[in-house]
Amino acid sequence: MGVVMNELQSLLEFEKDNRWLHLNMSKLRREHADEFVAIKNEKIIDCSKDINDLFKKLEKRKEKPNEIVIEFVSKENLRLLL
């Protein structure tokens, strides 16, 4: 049961960080235009214009990229049409 609770907690934290990202996108566009940002606990823990560089930075921090919200912040408000 402990493993399930840990996974559930991780998912809830990921969702909270994802929500924070979208609520703060205007500010992020001003401060991190055309950069990849890594968000954990509702704050940016690192950023880079190159995704591979960002992964290296996260690795040095002992962070797991698959457990962190990582998003490219375009200076334009882009929308995907499907």
# chains A, B, ... in the order shown; residues from 1 in each chain; ligands from 1

$ residues_around --residues "region 55-72 of chain A" --least-positions-apart "5" --cutoff "7 Å" --atoms "only C-alpha atoms" --output "list in words"
Phe14, Asp17, Asn18, Asp34, Glu35, Phe36, Val37, Ala38, Ile39 and Lys40 of chain A

$ write_last_selection --atoms "C-alpha atoms" --output "PDB file, in the first residue's frame"
ATOM      1  CA  PHE A  14       3.189  16.691 -10.638  1.00  0.00           C
ATOM      2  CA  ASP A  17       3.313  21.856 -10.581  1.00  0.00           C
ATOM      3  CA  ASN A  18       1.685  21.563 -14.005  1.00  0.00           C
ATOM      4  CA  ASP A  34      12.309  30.193 -25.668  1.00  0.00           C
ATOM      5  CA  GLU A  35      13.736  28.159 -22.812  1.00  0.00           C
ATOM      6  CA  PHE A  36      12.957  24.794 -21.316  1.00  0.00           C
ATOM      7  CA  VAL A  37      12.018  25.103 -17.652  1.00  0.00           C
ATOM      8  CA  ALA A  38      11.984  22.426 -14.979  1.00  0.00           C
ATOM      9  CA  ILE A  39       9.416  22.966 -12.237  1.00  0.00           C
ATOM     10  CA  LYS A  40       9.258  21.276  -8.852  1.00  0.00           C
TER      11      LYS A  40
END

$ select_by_dssp --residues "chain A" --states "strand (DSSP E)" --output "PyMOL selection string"
chain A and resi 35-40+43-48+69-73

$ write_last_selection --atoms "N, CA and C atoms" --output "PDB file, in the first residue's frame"
ATOM      1  N   GLU A  35      12.925  29.026 -23.660  1.00  0.00           N
ATOM      2  CA  GLU A  35      13.736  28.159 -22.812  1.00  0.00           C
ATOM      3  C   GLU A  35      12.902  26.973 -22.329  1.00  0.00           C
ATOM      4  N   PHE A  36      13.589  25.912 -22.005  1.00  0.00           N
ATOM      5  CA  PHE A  36      12.957  24.794 -21.316  1.00  0.00           C
ATOM      6  C   PHE A  36      13.082  25.079 -19.825  1.00  0.00           C
ATOM      7  N   VAL A  37      11.993  24.896 -19.101  1.00  0.00           N
ATOM      8  CA  VAL A  37      12.018  25.103 -17.652  1.00  0.00           C
ATOM      9  C   VAL A  37      11.651  23.802 -16.950  1.00  0.00           C
ATOM     10  N   ALA A  38      12.294  23.577 -15.824  1.00  0.00           N
ATOM     11  CA  ALA A  38      11.984  22.426 -14.979  1.00  0.00           C
ATOM     12  C   ALA A  38      11.353  22.966 -13.702  1.00  0.00           C
ATOM     13  N   ILE A  39      10.181  22.448 -13.364  1.00  0.00           N
ATOM     14  CA  ILE A  39       9.416  22.966 -12.237  1.00  0.00           C
ATOM     15  C   ILE A  39       9.200  21.853 -11.208  1.00  0.00           C
ATOM     16  N   LYS A  40       9.478  22.205  -9.962  1.00  0.00           N
ATOM     17  CA  LYS A  40       9.258  21.276  -8.852  1.00  0.00           C
ATOM     18  C   LYS A  40       8.825  22.099  -7.645  1.00  0.00           C
ATOM     19  N   LYS A  43       8.009  25.906  -8.271  1.00  0.00           N
ATOM     20  CA  LYS A  43       9.053  26.881  -8.579  1.00  0.00           C
ATOM     21  C   LYS A  43       9.976  26.295  -9.644  1.00  0.00           C
ATOM     22  N   ILE A  44      10.647  27.182 -10.348  1.00  0.00           N
ATOM     23  CA  ILE A  44      11.585  26.759 -11.369  1.00  0.00           C
ATOM     24  C   ILE A  44      12.874  26.337 -10.674  1.00  0.00           C
ATOM     25  N   ILE A  45      13.287  25.104 -10.916  1.00  0.00           N
ATOM     26  CA  ILE A  45      14.520  24.634 -10.291  1.00  0.00           C
ATOM     27  C   ILE A  45      15.700  24.741 -11.255  1.00  0.00           C
ATOM     28  N   ASP A  46      15.420  24.833 -12.555  1.00  0.00           N
ATOM     29  CA  ASP A  46      16.480  25.045 -13.537  1.00  0.00           C
ATOM     30  C   ASP A  46      15.855  25.347 -14.886  1.00  0.00           C
ATOM     31  N   CYS A  47      16.689  25.874 -15.796  1.00  0.00           N
ATOM     32  CA  CYS A  47      16.214  26.176 -17.136  1.00  0.00           C
ATOM     33  C   CYS A  47      17.390  26.190 -18.104  1.00  0.00           C
ATOM     34  N   SER A  48      17.069  26.056 -19.391  1.00  0.00           N
ATOM     35  CA  SER A  48      18.094  26.095 -20.428  1.00  0.00           C
ATOM     36  C   SER A  48      17.417  26.219 -21.787  1.00  0.00           C
ATOM     37  N   VAL A  69       7.971  18.465 -13.885  1.00  0.00           N
ATOM     38  CA  VAL A  69       7.325  19.123 -15.012  1.00  0.00           C
ATOM     39  C   VAL A  69       8.404  19.879 -15.793  1.00  0.00           C
ATOM     40  N   ILE A  70       8.546  19.512 -17.063  1.00  0.00           N
ATOM     41  CA  ILE A  70       9.497  20.181 -17.951  1.00  0.00           C
ATOM     42  C   ILE A  70       8.701  20.672 -19.149  1.00  0.00           C
ATOM     43  N   GLU A  71       8.859  21.950 -19.446  1.00  0.00           N
ATOM     44  CA  GLU A  71       8.065  22.558 -20.517  1.00  0.00           C
ATOM     45  C   GLU A  71       8.915  23.565 -21.287  1.00  0.00           C
ATOM     46  N   PHE A  72       8.696  23.623 -22.594  1.00  0.00           N
ATOM     47  CA  PHE A  72       9.312  24.668 -23.407  1.00  0.00           C
ATOM     48  C   PHE A  72       8.410  25.883 -23.339  1.00  0.00           C
ATOM     49  N   VAL A  73       8.976  27.021 -22.983  1.00  0.00           N
ATOM     50  CA  VAL A  73       8.207  28.258 -22.859  1.00  0.00           C
ATOM     51  C   VAL A  73       8.455  29.094 -24.111  1.00  0.00           C
TER      52      VAL A  73
END

$ select_by_dssp --residues "chain A" --states "helix (DSSP H, G or I)" --output "JSON, numbers by chain"
{"A": [2, 3, 4, 5, 6, 7, 8, 9, 10, 11, 12, 13, 14, 15, 16, 17, 18, 19, 20, 21, 22, 23, 25, 26, 27, 28, 29, 30, 31, 51, 52, 53, 54, 55, 56, 57, 58, 59, 60, 65, 66, 67]}

$ atom_distance --atom1 "CA of Leu28 (chain A)" --atom2 "CA of Lys49 (chain A)"
13.5 Å

$ atom_distance --atom1 "CA of Gln9 (chain A)" --atom2 "CA of Asn41 (chain A)"
12.3 Å

$ atom_distance --atom1 "CA of Ser10 (chain A)" --atom2 "CA of Met25 (chain A)"
22.4 Å
